[in-house]
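Asks: Structure: upload_19.cif, mmCIF, C-alpha atoms.
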data_start
#
loop_
_atom_site.label_atom_id
_atom_site.label_comp_id
_atom_site.auth_asym_id
_atom_site.auth_seq_id
_atom_site.Cartn_x
_atom_site.Cartn_y
_atom_site.Cartn_z
CA MET M 29 -6.06 4.65 43.95
CA GLN M 30 -2.62 5.71 42.68
CA GLN M 31 -0.97 8.60 44.49
CA PRO M 32 1.82 10.48 42.73
CA GLY M 33 5.08 11.19 44.51
CA TRP M 34 4.84 8.56 47.24
CA ASP M 35 7.98 6.69 48.33
CA LEU M 36 7.22 3.13 49.39
CA PRO M 37 9.26 1.77 52.28
CA ASP M 38 11.70 -1.09 51.73
CA PRO M 39 10.52 -4.47 53.00
CA PRO M 40 11.78 -5.24 56.48
CA GLY M 41 15.19 -6.96 56.55
CA VAL M 42 15.96 -6.35 52.82
CA THR M 43 18.82 -4.20 51.64
CA PRO M 44 17.97 -2.93 48.14
CA VAL M 45 20.48 -3.17 45.29
CA ARG M 46 19.80 -0.14 43.18
CA GLY M 47 19.87 -0.61 39.36
CA PHE M 48 19.74 -4.43 39.37
CA ASN M 49 16.62 -6.17 38.04
CA PRO M 50 17.00 -9.97 37.73
CA LEU M 51 13.94 -10.33 35.55
CA ARG M 52 15.29 -7.80 33.07
CA TRP M 53 18.56 -9.73 32.71
CA VAL M 54 16.71 -13.00 32.28
CA ILE M 55 14.64 -11.45 29.51
CA LEU M 56 17.74 -10.00 27.82
CA GLY M 57 19.51 -13.36 28.04
CA LEU M 58 16.58 -15.22 26.54
CA ALA M 59 16.31 -12.59 23.79
CA GLY M 60 20.01 -13.02 23.03
CA ILE M 61 19.65 -16.81 22.83
CA LEU M 62 16.64 -16.39 20.55
CA LEU M 63 18.53 -14.01 18.25
CA VAL M 64 21.49 -16.40 18.04
CA PHE M 65 19.11 -19.25 17.26
CA LEU M 66 17.36 -17.23 14.55
CA ALA M 67 20.67 -16.05 13.03
CA PHE M 68 22.31 -19.46 12.84
CA TYR M 69 19.48 -21.95 12.48
CA VAL M 70 16.43 -20.34 10.87
CA PRO M 71 16.65 -19.81 7.09
CA ILE M 72 15.40 -16.63 5.44
CA PRO M 73 12.73 -17.85 2.96
CA ILE M 74 13.46 -15.35 0.18
CA LEU M 75 17.24 -15.92 0.01
CA TYR M 76 19.27 -18.52 -1.90
CA GLU M 77 23.05 -18.89 -2.06
CA TYR M 78 25.32 -19.75 -4.99
CA LEU M 79 28.30 -21.93 -4.04
CA PRO M 80 31.02 -23.73 -6.06
CA GLY M 81 29.63 -27.03 -7.32
CA PRO M 82 31.20 -30.26 -8.57
CA ALA M 83 33.35 -30.25 -11.74
CA PRO M 84 32.98 -33.80 -13.11
CA LYS M 85 35.00 -35.22 -15.99
CA VAL M 86 32.93 -35.09 -19.16
CA ASP M 87 34.22 -38.37 -20.65
CA SER M 88 32.18 -40.29 -18.07
CA LEU M 89 28.99 -38.51 -19.17
CA ILE M 90 29.14 -39.16 -22.94
CA THR M 91 29.06 -42.41 -24.93
CA ILE M 92 29.55 -42.54 -28.69
CA ASP M 93 28.38 -45.60 -30.66
CA GLY M 94 28.90 -46.28 -34.34
CA ALA M 95 32.38 -44.75 -34.72
CA ARG M 96 35.90 -45.35 -33.46
CA THR M 97 36.74 -43.30 -30.40
CA TYR M 98 39.98 -42.27 -28.71
CA SER M 99 41.01 -41.55 -25.12
CA SER M 100 43.08 -38.66 -23.79
CA GLU M 101 45.76 -38.31 -21.12
CA GLY M 102 44.10 -35.20 -19.76
CA SER M 103 40.41 -34.51 -19.32
CA PHE M 104 37.65 -32.01 -19.90
CA ARG M 105 35.53 -30.96 -16.92
CA LEU M 106 32.18 -29.22 -16.96
CA THR M 107 31.51 -26.87 -14.06
CA THR M 108 28.43 -26.36 -11.94
CA VAL M 109 26.92 -24.14 -9.27
CA THR M 110 25.38 -25.50 -6.10
CA VAL M 111 22.25 -23.60 -5.08
CA GLU M 112 21.64 -23.59 -1.33
CA THR M 113 17.97 -22.95 -0.66
CA GLN M 114 18.28 -22.74 3.16
CA VAL M 115 20.22 -19.54 3.91
CA THR M 116 20.42 -18.17 7.44
CA PHE M 117 21.28 -14.62 8.45
CA ALA M 118 24.72 -15.76 9.64
CA GLU M 119 25.42 -17.42 6.26
CA TRP M 120 24.26 -14.26 4.50
CA VAL M 121 26.76 -12.20 6.47
CA ALA M 122 29.55 -14.75 5.95
CA SER M 123 29.01 -14.73 2.20
CA GLY M 124 30.09 -11.10 2.13
CA PHE M 125 33.59 -12.24 3.10
CA ASP M 126 33.72 -15.14 0.61
CA PRO M 127 34.45 -14.15 -3.03
CA HIS M 128 33.17 -17.52 -4.25
CA SER M 129 29.75 -17.22 -2.59
CA ALA M 130 26.82 -15.06 -3.65
CA VAL M 131 23.49 -14.61 -1.88
CA VAL M 132 20.61 -13.79 -4.23
CA THR M 133 16.86 -13.60 -3.97
CA ARG M 134 14.75 -16.65 -4.70
CA ASP M 135 13.13 -14.94 -7.69
CA GLN M 136 16.56 -14.24 -9.20
CA VAL M 137 17.08 -18.00 -9.30
CA THR M 138 13.61 -19.22 -10.20
CA GLY M 139 12.20 -16.28 -12.15
CA GLY M 140 9.04 -16.60 -10.09
CA GLN M 141 8.58 -20.30 -10.92
CA SER M 142 8.48 -23.20 -8.51
CA LEU M 143 11.64 -25.27 -8.09
CA GLU M 144 9.89 -28.13 -9.91
CA GLN M 145 9.09 -25.90 -12.89
CA LEU M 146 12.64 -24.56 -12.92
CA GLN M 147 14.04 -28.11 -12.92
CA GLU M 148 11.87 -29.05 -15.90
CA GLU M 149 13.01 -25.95 -17.78
CA GLN M 150 16.66 -26.66 -17.00
CA GLU M 151 16.33 -30.26 -18.20
CA ALA M 152 14.81 -29.07 -21.49
CA GLN M 153 17.68 -26.61 -21.90
CA MET M 154 20.15 -29.44 -21.26
CA ASP M 155 18.54 -31.53 -24.02
CA ALA M 156 18.75 -28.63 -26.48
CA SER M 157 22.36 -27.99 -25.45
CA ASN M 158 23.28 -31.64 -26.02
CA HIS M 159 21.80 -31.52 -29.52
CA ALA M 160 23.66 -28.30 -30.35
CA ALA M 161 26.94 -29.69 -28.98
CA THR M 162 26.61 -32.81 -31.12
CA GLN M 163 25.78 -30.81 -34.22
CA VAL M 164 28.65 -28.34 -33.72
CA ALA M 165 31.29 -30.99 -33.03
CA LEU M 166 30.29 -33.29 -35.89
CA SER M 167 30.01 -30.37 -38.31
CA GLU M 168 33.48 -29.13 -37.30
CA LEU M 169 34.87 -32.61 -37.97
CA GLY M 170 33.11 -32.83 -41.33
CA ILE M 171 31.24 -35.97 -40.26
CA ALA M 172 27.75 -34.58 -40.84
CA THR M 173 26.19 -31.28 -41.77
CA PRO M 174 22.60 -30.30 -40.94
CA GLU M 175 20.33 -29.76 -43.93
CA GLY M 176 17.06 -27.95 -44.38
CA ASP M 177 15.00 -25.73 -46.66
CA GLY M 178 15.70 -22.40 -45.03
CA ALA M 179 14.83 -20.63 -41.77
CA ARG M 180 11.28 -19.43 -41.13
CA VAL M 181 10.80 -16.12 -39.29
CA VAL M 182 8.63 -16.67 -36.20
CA ALA M 183 8.79 -13.12 -34.84
CA THR M 184 10.74 -9.88 -35.07
CA LEU M 185 11.79 -7.84 -32.06
CA GLN M 186 10.18 -4.41 -31.85
CA GLY M 187 12.57 -1.58 -32.62
CA ARG M 188 15.25 -3.88 -34.04
CA PRO M 189 16.48 -3.86 -37.67
CA ALA M 190 14.22 -6.71 -38.82
CA ASP M 191 11.11 -5.02 -37.43
CA GLY M 192 8.98 -3.89 -40.39
CA VAL M 193 11.45 -5.37 -42.92
CA LEU M 194 10.95 -9.09 -42.36
CA LYS M 195 7.52 -10.54 -41.73
CA GLU M 196 6.29 -13.55 -39.81
CA SER M 197 6.40 -16.69 -42.01
CA ASP M 198 9.10 -15.26 -44.29
CA VAL M 199 11.56 -18.06 -45.14
CA ILE M 200 15.16 -16.86 -45.36
CA LEU M 201 16.92 -18.53 -48.30
CA ARG M 202 20.08 -16.51 -48.81
CA ILE M 203 22.15 -13.92 -46.98
CA GLY M 204 24.28 -11.86 -49.30
CA GLY M 205 25.27 -14.33 -51.98
CA ASP M 206 25.33 -17.39 -49.71
CA LYS M 207 22.59 -19.98 -49.45
CA VAL M 208 21.30 -20.76 -45.95
CA ASP M 209 19.67 -24.11 -45.23
CA THR M 210 19.10 -23.89 -41.47
CA VAL M 211 18.65 -21.49 -38.58
CA CYS M 212 22.29 -22.03 -37.69
CA ASP M 213 23.38 -21.07 -41.18
CA VAL M 214 21.58 -17.76 -40.75
CA GLY M 215 23.33 -17.09 -37.45
CA ARG M 216 26.69 -18.08 -38.89
CA GLU M 217 26.31 -15.84 -41.95
CA ILE M 218 25.16 -12.81 -39.95
CA ALA M 219 28.16 -13.26 -37.64
CA GLU M 220 30.45 -12.69 -40.62
CA PHE M 221 29.34 -9.06 -40.81
CA ASP M 222 30.33 -6.15 -38.59
CA VAL M 223 27.98 -4.07 -36.48
CA GLY M 224 26.53 -1.35 -38.71
CA ASP M 225 26.96 -3.29 -41.97
CA ARG M 226 24.06 -3.40 -44.43
CA ILE M 227 23.10 -6.91 -45.50
CA ASN M 228 20.73 -8.29 -48.13
CA LEU M 229 18.44 -11.20 -47.33
CA THR M 230 16.62 -13.25 -49.96
CA VAL M 231 13.32 -14.53 -48.60
CA ARG M 232 10.30 -16.44 -49.82
CA ARG M 233 7.14 -14.55 -48.92
CA ASP M 234 3.65 -15.67 -49.93
CA GLY M 235 5.14 -17.98 -52.53
CA LYS M 236 7.31 -15.31 -54.13
CA VAL M 237 11.07 -14.74 -53.76
CA LYS M 238 12.24 -11.21 -52.96
CA THR M 239 15.29 -9.46 -51.52
CA VAL M 240 15.19 -7.11 -48.53
CA SER M 241 17.95 -5.01 -46.98
CA LEU M 242 18.67 -3.97 -43.41
CA GLU M 243 21.50 -2.66 -41.23
CA THR M 244 22.86 -4.64 -38.31
CA VAL M 245 23.12 -3.27 -34.77
CA ALA M 246 25.09 -4.41 -31.71
CA ASN M 247 23.90 -7.56 -30.01
CA PRO M 248 22.55 -6.67 -26.54
CA GLN M 249 24.37 -9.68 -25.05
CA ASP M 250 27.61 -9.13 -26.97
CA PRO M 251 28.09 -5.56 -28.26
CA ALA M 252 30.87 -6.68 -30.62
CA SER M 253 28.51 -9.00 -32.54
CA PRO M 254 25.96 -7.97 -35.20
CA PHE M 255 22.26 -8.41 -34.49
CA ILE M 256 19.05 -8.05 -36.51
CA GLY M 257 16.42 -9.14 -33.96
CA ILE M 258 14.53 -12.18 -35.24
CA ALA M 259 13.28 -15.48 -33.86
CA MET M 260 13.39 -18.39 -36.32
CA GLU M 261 12.46 -22.05 -36.73
CA GLU M 262 13.73 -24.77 -39.03
CA VAL M 263 12.07 -25.73 -42.31
CA ASN M 264 12.35 -29.48 -43.04
CA TYR M 265 15.42 -29.89 -40.81
CA ARG M 266 17.54 -33.03 -41.44
CA PHE M 267 20.62 -34.25 -39.53
CA LYS M 268 21.78 -37.88 -39.95
CA PRO M 269 25.36 -38.31 -38.74
CA GLY M 270 25.42 -42.11 -38.90
CA LEU M 271 26.48 -42.45 -35.24
CA ASP M 272 24.84 -42.09 -31.85
CA VAL M 273 25.93 -39.73 -29.08
CA ASP M 274 24.34 -40.49 -25.72
CA PHE M 275 24.48 -38.17 -22.71
CA ASP M 276 24.13 -39.16 -19.06
CA PRO M 277 24.49 -35.92 -17.05
CA GLY M 278 22.76 -37.29 -13.95
CA GLU M 279 21.27 -34.45 -11.89
CA ILE M 280 23.14 -31.76 -13.83
CA ALA M 281 20.79 -29.58 -15.86
CA GLY M 282 20.82 -26.32 -17.81
CA PRO M 283 22.54 -25.18 -21.02
CA SER M 284 25.97 -24.13 -19.74
CA ALA M 285 27.74 -27.47 -20.31
CA GLY M 286 27.34 -27.16 -24.08
CA LEU M 287 30.90 -26.03 -24.86
CA MET M 288 32.53 -28.78 -22.79
CA PHE M 289 30.24 -31.45 -24.25
CA ALA M 290 31.12 -30.34 -27.79
CA LEU M 291 34.85 -30.44 -27.00
CA GLN M 292 34.56 -33.92 -25.51
CA ILE M 293 32.73 -35.25 -28.59
CA TYR M 294 35.33 -33.66 -30.86
CA ASP M 295 38.20 -35.09 -28.81
CA GLN M 296 36.77 -38.62 -28.64
CA LEU M 297 36.43 -38.75 -32.42
CA THR M 298 39.98 -37.55 -33.22
CA PRO M 299 43.20 -39.54 -32.65
CA ASP M 300 45.12 -36.51 -31.42
CA ASP M 301 44.79 -35.64 -27.74
CA LEU M 302 43.06 -32.25 -27.68
CA THR M 303 43.81 -31.87 -23.96
CA HIS M 304 47.56 -32.47 -24.40
CA GLY M 305 47.49 -34.05 -20.95
CA HIS M 306 45.98 -30.99 -19.24
CA GLN M 307 42.99 -30.72 -16.94
CA VAL M 308 40.70 -28.36 -18.88
CA ALA M 309 37.53 -27.03 -17.27
CA GLY M 310 35.06 -24.54 -18.66
CA THR M 311 31.54 -23.38 -19.23
CA GLY M 312 29.43 -21.73 -21.88
CA GLU M 313 26.13 -22.19 -23.67
CA ILE M 314 26.82 -23.32 -27.22
CA ALA M 315 24.66 -22.25 -30.14
CA CYS M 316 24.14 -24.45 -33.16
CA ASP M 317 26.33 -22.09 -35.19
CA GLY M 318 29.24 -22.63 -32.78
CA GLY M 319 28.88 -19.41 -30.82
CA VAL M 320 29.62 -19.59 -27.08
CA GLY M 321 27.17 -17.57 -25.00
CA PRO M 322 27.49 -16.14 -21.48
CA ILE M 323 26.27 -17.97 -18.38
CA GLY M 324 25.64 -17.21 -14.71
CA GLY M 325 27.67 -18.16 -11.66
CA VAL M 326 31.07 -18.05 -13.35
CA GLU M 327 32.83 -17.07 -10.09
CA GLN M 328 31.55 -20.22 -8.38
CA LYS M 329 32.40 -22.37 -11.41
CA VAL M 330 36.00 -21.16 -11.53
CA ALA M 331 36.38 -21.94 -7.83
CA GLY M 332 34.92 -25.42 -8.31
CA ALA M 333 37.28 -26.09 -11.23
CA ALA M 334 40.34 -24.95 -9.26
CA ARG M 335 39.29 -27.15 -6.35
CA GLU M 336 39.30 -30.17 -8.70
CA GLY M 337 42.82 -29.37 -9.92
CA ALA M 338 41.98 -27.89 -13.32
CA GLU M 339 44.79 -25.87 -14.91
CA ILE M 340 42.79 -24.11 -17.64
CA PHE M 341 39.32 -22.59 -17.56
CA LEU M 342 37.52 -21.78 -20.85
CA ALA M 343 35.09 -18.90 -20.31
CA PRO M 344 32.65 -17.13 -22.65
CA THR M 345 34.02 -13.75 -23.67
CA LEU M 346 31.41 -11.83 -21.70
CA ASN M 347 32.22 -13.81 -18.53
CA ALA M 348 36.01 -13.80 -18.88
CA LYS M 349 36.70 -10.66 -16.82
CA ALA M 350 34.68 -11.91 -13.85
CA ALA M 351 36.24 -15.36 -14.20
CA ARG M 352 39.77 -13.93 -14.08
CA ALA M 353 38.95 -11.85 -11.02
CA ALA M 354 37.64 -14.94 -9.22
CA ALA M 355 40.48 -17.20 -10.37
CA GLY M 356 43.43 -15.12 -9.24
CA ASP M 357 46.62 -17.13 -9.81
CA ASP M 358 44.97 -20.51 -9.23
CA ILE M 359 43.96 -21.24 -12.82
CA GLN M 360 44.47 -19.84 -16.33
CA VAL M 361 41.29 -18.29 -17.74
CA VAL M 362 40.94 -18.28 -21.54
CA SER M 363 38.28 -16.20 -23.26
CA VAL M 364 36.42 -17.90 -26.15
CA SER M 365 33.57 -16.59 -28.26
CA THR M 366 33.18 -19.63 -30.56
CA PHE M 367 33.78 -23.36 -30.51
CA SER M 368 36.52 -22.85 -33.11
CA ASP M 369 38.28 -20.42 -30.73
CA ALA M 370 38.41 -23.15 -28.07
CA VAL M 371 39.69 -25.81 -30.48
CA GLU M 372 42.34 -23.45 -31.87
CA PHE M 373 43.62 -22.62 -28.40
CA LEU M 374 43.73 -26.27 -27.30
CA GLU M 375 45.46 -27.47 -30.45
CA ALA M 376 48.25 -24.94 -29.78
CA LEU M 377 48.89 -26.24 -26.25
CA GLU M 378 52.19 -27.95 -25.47
#
Represent the structure from my file as structure tokens, please.

Replies:
Amino acid sequence: MQQPGWDLPDPPGVTPVRGFNPLRWVILGLAGILLVFLAFYVPIPILYEYLPGPAPKVDSLITIDGARTYSSEGSFRLTTVTVETQVTFAEWVASGFDPHSAVVTRDQVTGGQSLEQLQEEQEAQMDASNHAATQVALSELGIATPEGDGARVVATLQGRPADGVLKESDVILRIGGDKVDTVCDVGREIAEFDVGDRINLTVRRDGKVKTVSLETVANPQDPASPFIGIAMEEVNYRFKPGLDVDFDPGEIAGPSAGLMFALQIYDQLTPDDLTHGHQVAGTGEIACDGGVGPIGGVEQKVAGAAREGAEIFLAPTLNAKAARAAAGDDIQVVSVSTFSDAVEFLEALE
């Protein structure tokens, strides 16, 4: 039975050391070793890390058959982001001191999908980007122009200008006084207006042609661009350039190489050296109307380009500020909103 307040005698021949407990220190030491092990060697399942990826030369990824091609003294480089899926606590802390690293949650990368599903989606986006790059470059050169019988409305975005004005299955035939043959023509024509302008669209609805009117608003992704809020599909799309452009991107996937692919195609098919001997890197999703859209991971892409010796970095307008902040004095960042912007800048290089 326990008795409160009793003082037990020290064992014979033992001098006590007050305050020292060997077992406690052993436990603390083992706990410290365990914490170090967990911090440096055990990944946190919900965290991924963005790091600068390779910046390969694009000329090795594209082959053009059926037309004369030309080489350049300089080169175009696409840029990538490496996604590290095994992130430890120590790496998470270290990333806070590295401007070219970013730790994000797994769902921010995958959108809740599996890595296999994400890879399939990225490969599909790469295929669409390759097609758009080919179309934009060949159209700019006057080699081939897509044809079609208008753009069919698939859906309108709720609360946007087209909502309640255009209907599903409407086929857009003209914008203002200009005929539109394809989805890209629609995008190109709308881009000619300013935010807040009223535009007239001629559509075929239920077999009859009519004109509707609506007012543009700011594009959520680019407030300086007009937006009406529709999803469209082609009607009898035709594109026969008379040459073949083959892409071999290897393990690279996603839409953000579109701008650099389009520039490489353009450069290979023109005798003048569009690079003017420079190492030109860049990124940007290219739309079939030549618009250059924003991408993710621009800080890591700038760092990867600088590491490969690039002198110039072409960035979508909405990414340019972040790209400049990440680049510092290592590389010149040039803001572009369209493919034509990029070509115009490069043609003016010395």

Asks: Quick one: of M:Val330, M:Ile72, M:Ala309, M:Leu169, who's nearest to Pro269 of chain M, counting all atoms listed in the file?

Replies: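 Using all atoms listed in the file, the shortest distance to Pro269 of chain M belongs to M:Leu169.
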
Asks: Using the chain letters and numbers from this file, what does the PyMOL selection byres ((chain M and resi 160) around 12) select? Give the answer as a PyMOL selection string.

Replies: chain M and resi 153-159+161-167+174+211-212+267+273+283-291+293+313-320+367

Asks: Please write the residues picked by the PyMOL selection byres ((chain M and resi 260) around 6) on this file as a list of chain:residue names.

Replies: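 Evaluating the PyMOL selection byres ((chain M and resi 260) around 6) on these coordinates yields M:Arg180, M:Val181, M:Val182, M:Ala259, M:Glu261.
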
Asks: Would you write out those residues with C-alpha atoms, as a compact mmCIF listing (two decimals), keeping the file's coordinate frame?

Replies:
# COMPACT_ATOMS: atom_id res chain seq x y z
CA ARG M 180 11.28 -19.43 -41.13
CA VAL M 181 10.80 -16.12 -39.29
CA VAL M 182 8.63 -16.67 -36.20
CA ALA M 259 13.28 -15.48 -33.86
CA GLU M 261 12.46 -22.05 -36.73

Asks: Just how far from atom CA of Arg266 of chain M is atom CA of Asp295 of chain M, in Å to one decimal?

Replies: 24.3 Å

Asks: Do you have the atom CA of Ser100 of chain M-atom CA of Ser368 of chain M distance handy?

Replies: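 Computing the Euclidean distance for atom CA of Ser100 of chain M and atom CA of Ser368 of chain M yields 19.5 Å.
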
Asks: For the structure shown, which residues end up in the PyMOL selection byres ((chain M and resi 71) around 9)? Put them as a PyMOL selection string, please?

Replies: chain M and resi 66-70+72-75+113-117

Asks: I'd like the interatomic distance between atom CA of Glu327 of chain M and atom CA of Ala281 of chain M, to a tenth of an Å.

Replies: 18.3 Å

Asks: Under the rule that all atoms listed in the file are counted, which of M:Gln360, M:Ala351, M:Glu144, M:Val54 is the nearest residue to Gly324 of chain M?

Replies: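 Smallest distance to Gly324 of chain M is found for M:Ala351.
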
Asks: Leaving out Lys85 of chain M and any residue of its chain fewer than 6 positions from it, which residues lie within 7 Å of it when counting all atoms listed in the file, given as a VMD selection string?

Replies: chain M and resid 103 to 106

Asks: Which of these residues is nearest to Gly312 of chain M, using all atoms listed in the file: M:Gly270, M:Phe373, M:Thr366, M:Thr298?

Replies: M:Thr366

Asks: Please provide the set of residues having any atom within 12 Å of Gly176 of chain M, restricted to all atoms listed in the file, with same-chain residues fewer than 2 positions apart removed, written as a short mmCIF file (atom, residue, chain, number, x, y, z; two decimals) with C-alpha atoms, keeping the file's coordinate frame.

Replies:
data_model
loop_
_atom_site.label_atom_id
_atom_site.label_comp_id
_atom_site.auth_asym_id
_atom_site.auth_seq_id
_atom_site.Cartn_x
_atom_site.Cartn_y
_atom_site.Cartn_z
CA THR M 173 26.19 -31.28 -41.77
CA PRO M 174 22.60 -30.30 -40.94
CA GLY M 178 15.70 -22.40 -45.03
CA ALA M 179 14.83 -20.63 -41.77
CA ARG M 180 11.28 -19.43 -41.13
CA VAL M 199 11.56 -18.06 -45.14
CA ILE M 200 15.16 -16.86 -45.36
CA LEU M 201 16.92 -18.53 -48.30
CA LYS M 207 22.59 -19.98 -49.45
CA VAL M 208 21.30 -20.76 -45.95
CA ASP M 209 19.67 -24.11 -45.23
CA THR M 210 19.10 -23.89 -41.47
CA VAL M 211 18.65 -21.49 -38.58
CA CYS M 212 22.29 -22.03 -37.69
CA ASP M 213 23.38 -21.07 -41.18
CA VAL M 214 21.58 -17.76 -40.75
CA GLU M 261 12.46 -22.05 -36.73
CA GLU M 262 13.73 -24.77 -39.03
CA VAL M 263 12.07 -25.73 -42.31
CA ASN M 264 12.35 -29.48 -43.04
CA TYR M 265 15.42 -29.89 -40.81
CA ARG M 266 17.54 -33.03 -41.44
CA PHE M 267 20.62 -34.25 -39.53
CA LYS M 268 21.78 -37.88 -39.95
#

Asks: Near Ile218 of chain M, counting all atoms listed in the file, which residues have an atom at most 10 Å away, once you skip same-chain residues fewer than 3 positions from it, shown as a ChimeraX atom specification?

Replies: /M:203-204,212-215,221-223,225,227,244,253-256

Asks: Would you write out those residues with C-alpha atoms, as a CSV table (one decimal), keeping the file's coordinate frame?

Replies:
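What landed in out-v8.csv:
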chain,number,residue,atom,x,y,z
M,203,ILE,CA,22.2,-13.9,-47.0
M,204,GLY,CA,24.3,-11.9,-49.3
M,212,CYS,CA,22.3,-22.0,-37.7
M,213,ASP,CA,23.4,-21.1,-41.2
M,214,VAL,CA,21.6,-17.8,-40.8
M,215,GLY,CA,23.3,-17.1,-37.4
M,221,PHE,CA,29.3,-9.1,-40.8
M,222,ASP,CA,30.3,-6.2,-38.6
M,223,VAL,CA,28.0,-4.1,-36.5
M,225,ASP,CA,27.0,-3.3,-42.0
M,227,ILE,CA,23.1,-6.9,-45.5
M,244,THR,CA,22.9,-4.6,-38.3
M,253,SER,CA,28.5,-9.0,-32.5
M,254,PRO,CA,26.0,-8.0,-35.2
M,255,PHE,CA,22.3,-8.4,-34.5
M,256,ILE,CA,19.0,-8.0,-36.5

Asks: List as a list in words the protein and nucleic acid residues near Ala370 of chain M, meaning an atom at most 9 Å away when all atoms listed in the file are counted, but skip any in the same chain fewer than 5 places from it.

Replies: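 The neighbour list is Leu287, Leu291, Leu342, Val362, Ser363, Val364, Ser365 and Glu375 of chain M.
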
Asks: When you look at Leu374 of chain M with a cut-off of 8 Å (counting only C-alpha atoms), what residues show up, excluding the ones that are within fewer than 6 positions of it in the same chain? I need them as a compact mmCIF listing (two decimals) with C-alpha atoms, keeping the file's coordinate frame.

Replies:
# COMPACT_ATOMS: atom_id res chain seq x y z
CA LEU M 302 43.06 -32.25 -27.68
CA THR M 303 43.81 -31.87 -23.96
CA HIS M 304 47.56 -32.47 -24.40

Asks: Return the single residue from M:Arg233, M:Lys349, M:Lys329, M:Lys238 that is closest to Thr110 of chain M, with distances computed using only C-alpha atoms.

Replies: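 Closest to Thr110 of chain M, using only C-alpha atoms: M:Lys329.
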